[in-house]
$ cat protein04.txt   # compact mmCIF, C-alpha atoms and all ligand atoms
# COMPACT_ATOMS: atom_id res chain seq x y z
CA MET A 1 80.11 45.37 -28.40
CA ALA A 2 83.73 44.41 -29.19
CA SER A 3 86.59 46.10 -27.37
CA SER A 4 90.31 45.84 -28.09
CA THR A 5 92.81 44.38 -25.63
CA VAL A 6 96.47 43.54 -26.20
CA LEU A 7 98.23 41.07 -23.88
CA CYS A 8 101.90 40.26 -24.49
CA SER A 9 104.28 37.79 -22.86
CA TYR A 10 107.97 37.10 -23.35
CA SER A 11 109.26 33.70 -24.53
CA PRO A 12 112.95 32.95 -23.97
CA ARG A 13 115.38 32.25 -26.79
CA THR A 14 115.69 28.62 -27.90
CA SER A 15 118.66 26.92 -29.60
CA ASN A 16 118.22 28.11 -33.17
CA THR A 17 115.14 30.29 -33.05
CA THR A 18 114.16 33.46 -31.26
CA SER A 19 110.53 34.07 -30.35
CA PRO A 20 110.49 37.26 -28.31
CA PHE A 21 106.82 38.10 -27.96
CA ILE A 22 103.45 36.41 -27.93
CA CYS A 23 100.51 38.80 -28.10
CA ILE A 24 96.80 38.25 -27.79
CA ILE A 25 94.86 41.01 -29.48
CA ASN A 26 91.16 41.84 -29.43
CA THR A 27 90.52 39.25 -26.74
CA VAL A 28 87.00 40.44 -26.04
CA GLN A 29 86.08 40.45 -29.71
CA HIS A 30 87.46 36.90 -29.94
CA MET A 31 85.25 35.71 -27.07
CA ASN A 32 82.18 37.19 -28.75
CA LEU A 33 82.74 35.15 -31.90
CA GLN A 34 79.81 32.92 -32.73
CA PRO A 35 81.16 29.73 -34.32
CA THR A 36 79.29 28.25 -37.24
CA ARG A 37 79.22 24.61 -38.34
CA PRO A 38 81.30 23.15 -39.81
CA HIS A 39 84.06 24.95 -37.94
CA LEU A 40 86.73 25.38 -40.58
CA GLY A 41 90.29 26.62 -40.16
CA LEU A 42 92.98 27.33 -42.74
CA ILE A 43 96.70 27.08 -42.21
CA VAL A 44 99.31 28.57 -44.53
CA ALA A 45 102.88 29.84 -44.57
CA MET A 46 103.28 32.76 -46.94
CA ALA A 47 105.83 35.37 -47.89
CA GLU A 48 105.24 39.14 -47.84
CA ASN A 49 104.25 38.95 -51.54
CA ARG A 50 101.78 36.12 -50.66
CA ALA A 51 104.07 33.54 -52.34
CA ILE A 52 103.41 29.98 -51.09
CA GLY A 53 105.09 27.60 -53.52
CA LYS A 54 107.01 26.92 -56.69
CA ASP A 55 107.30 23.84 -58.92
CA ASN A 56 104.79 22.08 -56.65
CA ASP A 57 107.05 22.45 -53.64
CA LEU A 58 107.36 24.74 -50.63
CA LEU A 59 109.66 27.76 -50.74
CA TRP A 60 111.46 27.22 -47.41
CA HIS A 61 112.10 24.70 -44.66
CA LEU A 62 111.16 26.04 -41.23
CA SER A 63 111.29 23.16 -38.77
CA SER A 64 109.47 24.91 -35.92
CA ASP A 65 106.72 25.97 -38.34
CA LEU A 66 106.30 22.34 -39.44
CA LYS A 67 106.01 21.32 -35.78
CA ARG A 68 103.37 24.00 -35.26
CA PHE A 69 101.50 22.77 -38.34
CA LYS A 70 101.51 19.27 -36.88
CA SER A 71 100.34 20.37 -33.45
CA ILE A 72 97.50 22.54 -34.81
CA THR A 73 96.18 19.97 -37.30
CA MET A 74 96.74 16.73 -35.35
CA GLY A 75 93.49 14.87 -34.76
CA HIS A 76 91.55 17.02 -37.22
CA PRO A 77 90.68 16.37 -40.86
CA ILE A 78 92.97 18.17 -43.32
CA ILE A 79 91.67 19.28 -46.70
CA MET A 80 94.00 19.74 -49.65
CA GLY A 81 94.21 19.76 -53.43
CA ARG A 82 95.67 16.90 -55.41
CA ASN A 83 98.91 18.79 -56.15
CA THR A 84 99.56 19.42 -52.48
CA TYR A 85 98.78 15.81 -51.58
CA PHE A 86 101.22 14.49 -54.15
CA SER A 87 103.87 16.97 -52.98
CA LEU A 88 103.84 15.59 -49.42
CA PRO A 89 107.03 13.67 -48.59
CA ARG A 90 104.96 11.29 -46.45
CA LYS A 91 101.36 10.57 -47.32
CA PRO A 92 98.78 10.33 -45.93
CA LEU A 93 99.77 12.61 -43.03
CA PRO A 94 99.25 10.41 -39.96
CA GLY A 95 96.68 11.00 -37.21
CA ARG A 96 94.38 13.06 -39.45
CA ARG A 97 91.68 12.32 -42.03
CA ASN A 98 93.37 13.31 -45.30
CA ILE A 99 90.70 14.69 -47.66
CA VAL A 100 91.88 15.40 -51.20
CA LEU A 101 90.00 17.53 -53.73
CA THR A 102 90.38 16.01 -57.16
CA HIS A 103 88.44 14.98 -60.23
CA ALA A 104 90.62 11.87 -60.42
CA PRO A 105 89.24 8.49 -59.32
CA ALA A 106 89.78 7.63 -55.65
CA SER A 107 91.93 4.66 -56.70
CA LEU A 108 94.61 7.13 -57.93
CA VAL A 109 94.82 8.90 -54.57
CA GLU A 110 96.02 6.17 -52.28
CA GLY A 111 95.58 6.64 -48.53
CA ALA A 112 93.15 9.58 -48.66
CA GLU A 113 89.46 10.29 -48.89
CA VAL A 114 88.54 11.96 -52.14
CA ALA A 115 86.09 14.81 -52.80
CA ALA A 116 85.15 16.01 -56.28
CA SER A 117 83.79 19.44 -55.27
CA VAL A 118 83.85 22.05 -52.51
CA ALA A 119 80.29 21.05 -51.59
CA GLU A 120 81.42 17.46 -51.13
CA VAL A 121 84.30 18.57 -48.88
CA LEU A 122 81.95 20.61 -46.69
CA HIS A 123 79.63 17.62 -46.46
CA LEU A 124 82.52 15.30 -45.48
CA VAL A 125 83.51 17.55 -42.53
CA ALA A 126 80.00 18.61 -41.52
CA ASP A 127 80.05 16.56 -38.31
CA GLU A 128 83.62 17.43 -37.35
CA GLU A 129 84.36 19.84 -34.51
CA MET A 130 87.21 21.37 -36.52
CA ALA A 131 88.85 20.76 -39.90
CA TYR A 132 91.77 22.54 -41.57
CA VAL A 133 92.30 23.62 -45.16
CA ILE A 134 96.03 23.10 -45.82
CA GLY A 135 96.39 24.21 -49.47
CA GLY A 136 97.41 24.68 -52.13
CA ALA A 137 96.60 27.93 -53.86
CA SER A 138 93.50 26.79 -55.75
CA VAL A 139 91.98 25.17 -52.66
CA TYR A 140 92.74 28.18 -50.44
CA GLU A 141 91.02 30.40 -53.00
CA GLN A 142 87.86 28.27 -53.15
CA LEU A 143 87.53 27.55 -49.42
CA LEU A 144 88.53 30.95 -47.97
CA PRO A 145 84.87 32.14 -48.03
CA PHE A 146 83.92 29.22 -45.73
CA VAL A 147 86.79 29.56 -43.27
CA ASP A 148 86.36 30.85 -39.69
CA ILE A 149 89.99 30.85 -38.55
CA LEU A 150 93.23 31.67 -40.38
CA GLU A 151 96.53 30.38 -38.97
CA ILE A 152 99.16 32.27 -40.93
CA THR A 153 102.91 31.96 -40.76
CA GLN A 154 103.99 35.27 -42.22
CA VAL A 155 107.50 34.95 -43.60
CA HIS A 156 109.22 38.33 -43.59
CA ALA A 157 110.73 38.11 -47.08
CA THR A 158 109.55 38.04 -50.68
CA PHE A 159 109.98 34.99 -52.90
CA ASP A 160 109.83 34.10 -56.56
CA ALA A 161 106.87 31.71 -56.83
CA ASP A 162 104.25 30.27 -59.15
CA VAL A 163 101.43 29.99 -56.58
CA PHE A 164 100.16 32.70 -54.23
CA PHE A 165 97.71 32.98 -51.35
CA PRO A 166 94.57 34.97 -52.23
CA ILE A 167 94.20 38.54 -50.94
CA ILE A 168 92.58 38.52 -47.48
CA ASP A 169 89.71 40.96 -47.00
CA HIS A 170 90.66 42.43 -43.62
CA SER A 171 87.14 43.78 -43.14
CA GLU A 172 86.11 40.10 -42.76
CA PHE A 173 88.83 38.93 -40.36
CA SER A 174 90.33 40.29 -37.12
CA LEU A 175 93.83 39.56 -35.88
CA VAL A 176 93.39 37.90 -32.47
CA GLN A 177 96.89 36.61 -31.77
CA GLU A 178 100.38 37.32 -33.01
CA ALA A 179 103.73 35.83 -32.02
CA GLY A 180 107.15 36.81 -33.25
CA PRO A 181 109.17 37.76 -35.09
CA ILE A 182 110.97 34.45 -34.81
CA THR A 183 114.36 33.98 -36.47
CA ASP A 184 115.32 30.67 -38.02
CA GLU A 185 119.07 30.88 -38.31
CA GLN A 186 119.40 27.78 -40.51
CA ALA A 187 116.90 29.11 -43.05
CA ALA A 188 118.13 32.70 -42.56
CA LEU A 189 114.51 33.83 -42.35
CA SER A 190 112.34 35.55 -39.83
CA TYR A 191 108.62 34.96 -39.55
CA SER A 192 105.61 35.61 -37.32
CA TYR A 193 102.56 33.55 -36.41
CA GLN A 194 99.24 35.32 -36.86
CA THR A 195 95.79 34.01 -35.97
CA TYR A 196 92.76 35.69 -37.50
CA HIS A 197 89.10 35.01 -36.68
CA ARG A 198 86.24 35.79 -38.99
CA ARG A 199 84.37 38.81 -37.70
CA PRO A 200 80.81 38.08 -36.63
CA HIS A 201 78.27 39.02 -39.27
CA PRO A 202 76.86 42.46 -38.35
CA GLN A 203 73.31 41.06 -38.38
CA HIS A 204 74.28 38.05 -36.20
CA PRO A 205 76.55 39.52 -33.50
N1 LIG A 301 103.08 27.55 -48.14
C1 LIG A 301 102.09 26.77 -47.79
O1 LIG A 301 101.59 26.85 -46.65
C2 LIG A 301 101.56 25.76 -48.76
C3 LIG A 301 100.58 24.85 -48.34
C4 LIG A 301 100.10 23.92 -49.27
C5 LIG A 301 100.60 23.90 -50.56
N2 LIG A 301 101.55 24.80 -50.92
C6 LIG A 301 102.08 24.82 -52.29
O2 LIG A 301 101.00 25.07 -53.18
C7 LIG A 301 101.32 24.47 -54.44
C8 LIG A 301 100.13 23.59 -54.88
O3 LIG A 301 99.01 24.44 -55.09
P1 LIG A 301 98.14 24.33 -56.43
O4 LIG A 301 97.18 25.45 -56.46
O5 LIG A 301 99.07 24.15 -57.59
O6 LIG A 301 97.42 22.93 -56.28
P2 LIG A 301 96.37 22.33 -55.22
O7 LIG A 301 95.40 23.37 -54.81
O8 LIG A 301 97.14 21.62 -54.14
O9 LIG A 301 95.68 21.19 -56.11
C9 LIG A 301 95.01 21.56 -57.27
C10 LIG A 301 94.21 20.36 -57.77
O10 LIG A 301 93.19 20.07 -56.80
C11 LIG A 301 92.04 19.61 -57.48
N3 LIG A 301 90.94 20.52 -57.22
C12 LIG A 301 91.00 21.83 -56.87
N4 LIG A 301 89.76 22.33 -56.72
C13 LIG A 301 88.90 21.31 -56.98
C14 LIG A 301 87.49 21.20 -56.99
N5 LIG A 301 86.68 22.25 -56.68
N6 LIG A 301 86.93 20.01 -57.31
C15 LIG A 301 87.72 18.94 -57.59
N7 LIG A 301 89.06 18.99 -57.61
C16 LIG A 301 89.64 20.16 -57.30
C17 LIG A 301 92.39 19.53 -58.93
O11 LIG A 301 92.93 18.24 -59.10
P3 LIG A 301 92.62 17.32 -60.40
O12 LIG A 301 93.41 17.94 -61.51
O13 LIG A 301 93.08 15.97 -59.99
O14 LIG A 301 91.12 17.39 -60.64
C18 LIG A 301 93.47 20.58 -59.06
O15 LIG A 301 94.32 20.36 -60.17
C19 LIG A 301 102.60 23.69 -54.22
O16 LIG A 301 103.72 24.49 -54.65
C20 LIG A 301 102.65 23.49 -52.72
O17 LIG A 301 103.97 23.31 -52.23
C21 LIG A 301 102.04 25.73 -50.05
$ encode --input "protein04.txt" --output "C-alpha cells" --more "lines below"
Ligand SMILES: NC(=O)c1ccc[n+]([C@@H]2O[C@H](COP(=O)([O-])OP(=O)(O)OC[C@H]3O[C@@H](n4cnc5c(N)ncnc54)[C@H](OP(=O)(O)O)[C@@H]3O)[C@@H](O)[C@H]2O)c1
Amino acid sequence: MASSTVLCSYSPRTSNTTSPFICIINTVQHMNLQPTRPHLGLIVAMAENRAIGKDNDLLWHLSSDLKRFKSITMGHPIIMGRNTYFSLPRKPLPGRRNIVLTHAPASLVEGAEVAASVAEVLHLVADEEMAYVIGGASVYEQLLPFVDILEITQVHATFDADVFFPIIDHSEFSLVQEAGPITDEQAALSYSYQTYHRRPHPQHP
C-alpha cells in the first residue's frame, strides 16, 4: 500500500538563481514503483498554459535548466522529432544516442539514428536501461503513453506559442519530487522542477 511522505531541504541562493526548497513527495509510493522495459523518461520545459515552443524554437533561455537537461540525459539515448533535431544549435547532442523520428531518409538527418515509427523507436531503445523523449509536441503526444517518468520544468508564466505539451492525466502519474520556485533574474522568469512517476497499474502493484 502506498503512503505519502514529504521531505524538504533548503538550498542556498546562487549568483543569479534562487532555489529555496527541494521536496521529495510520496517517497514510499515511489519505492513501490515497478519499472517496465524499456524504461522511458520524458523531459520538457513548459509554461502554465502548456506552451513549449514557437516558430520551431524554444520560448525562453534558462541556463540552469539547460544544465539540468544535460545532466539528466547524458549517457542515455534521446528521442526527438525531426523539427526538434533541426532546431538544435549543436547537433547531434554529444554523449547521447540521438534518435530522430522522421519519414525522411537517414541521409538527410546527419549525425543521428533515424526511426520511421513509434514502434521502431521503442525497438531501438529496448535494451537500454533508460532513454529520454525530448520533444517536440508531436513526439511528446505519441510517446506519453509509453513513458514511466516525467521530468518537467514548470515555468510560472504563460506564453504565446504554436506548440503545446499534451494534457497530463494525473490519475496516471504521481508527483514524487518538486524543487523551486527558482528565479532566473536574466530571463525574468521563475520556474519549478517536478518529477512524476507513472502510478503502478492497479492489477500489477
Ligand atoms: N520546451 C521544450 O522542452 C521543448 C522540447 C523540444 C522541442 N520543443 C519545441 O517544439 C517544437 C517542435 O515540435 P513539433 O511538434 O513541431 O515537431 P517535432 O515533434 O520535433 O517533429 C515533428 C516531425 O517528427 C517526425 N515524426 C513525428 N512523429 C513521427 C512518427 N510517428 N513517425 C515518423 N516520423 C515522425 C515528422 O517528421 P517528417 O516530416 O520528417 O516525417 C514530423 O514532422 C519547436 O518549437 C521546439 O523548440 C520544446
$ atom_distance --input "protein04.txt" --atom1 "atom CA of Met80 of chain A" --atom2 "atom C16 of ligand LIG 301 (chain A)"
8.8 Å
$ residues_around --input "protein04.txt" --residues "Leu88 of chain A" --least-positions-apart "3" --cutoff "12 Å" --atoms "all atoms listed in the file" --output "list in words"
Asn56, Asp57, Leu58, Met80, Gly81, Arg82, Asn83, Thr84, Tyr85, Lys91, Pro92, Leu93, Pro94, Asn98, Ile134, Gly135 and Gly136 of chain A
$ write_last_selection --input "protein04.txt" --atoms "C-alpha atoms" --output "compact mmCIF listing (two decimals), in the coordinates of the input"
# COMPACT_ATOMS: atom_id res chain seq x y z
CA ASN A 56 104.79 22.08 -56.65
CA ASP A 57 107.05 22.45 -53.64
CA LEU A 58 107.36 24.74 -50.63
CA MET A 80 94.00 19.74 -49.65
CA GLY A 81 94.21 19.76 -53.43
CA ARG A 82 95.67 16.90 -55.41
CA ASN A 83 98.91 18.79 -56.15
CA THR A 84 99.56 19.42 -52.48
CA TYR A 85 98.78 15.81 -51.58
CA LYS A 91 101.36 10.57 -47.32
CA PRO A 92 98.78 10.33 -45.93
CA LEU A 93 99.77 12.61 -43.03
CA PRO A 94 99.25 10.41 -39.96
CA ASN A 98 93.37 13.31 -45.30
CA ILE A 134 96.03 23.10 -45.82
CA GLY A 135 96.39 24.21 -49.47
CA GLY A 136 97.41 24.68 -52.13
$ closest_residue --input "protein04.txt" --among "A:Ala45, A:Ala161, A:Leu62, A:Ala187" --to "ligand LIG 301 (chain A)" --atoms "only C-alpha atoms and all ligand atoms"
A:Ala45
$ residues_near_ligand --input "protein04.txt" --ligand "ligand LIG 301 (chain A)" --cutoff "9 Å" --atoms "all atoms listed in the file" --output "ChimeraX atom specification"
/A:43-47,51-60,80-88,100-105,114-121,133-142,152-153,161-165
$ atom_distance --input "protein04.txt" --atom1 "atom CA of Ser63 of chain A" --atom2 "atom CA of Tyr132 of chain A"
19.7 Å
$ atom_distance --input "protein04.txt" --atom1 "atom CA of Val125 of chain A" --atom2 "atom CA of Thr73 of chain A"
13.9 Å
$ closest_residue --input "protein04.txt" --among "A:Asp160, A:Glu178, A:Asp148, A:Glu128" --to "Arg198 of chain A" --atoms "all atoms listed in the file"
A:Asp148
$ closest_residue --input "protein04.txt" --among "A:Glu172, A:Arg90, A:Gln177, A:Leu189" --to "Thr158 of chain A" --atoms "only C-alpha atoms"
A:Leu189
$ axis_aligned_box --input "protein04.txt" --around "segment 92-101 of chain A" --padding-each-side "4 Å" --output "JSON"
{"center_x": 94.9, "center_y": 13.9, "center_z": -45.5, "size_x": 17.8, "size_y": 15.2, "size_z": 24.5}
$ residues_around --input "protein04.txt" --residues "Arg199 of chain A" --least-positions-apart "2" --cutoff "8 Å" --atoms "all atoms listed in the file" --output "MDAnalysis selection string"
chainID A and resid 33 171:174 197 201
$ closest_residue --input "protein04.txt" --among "A:Lys70, A:Thr195, A:Val176, A:Ile167" --to "Glu48 of chain A" --atoms "only C-alpha atoms"
A:Ile167
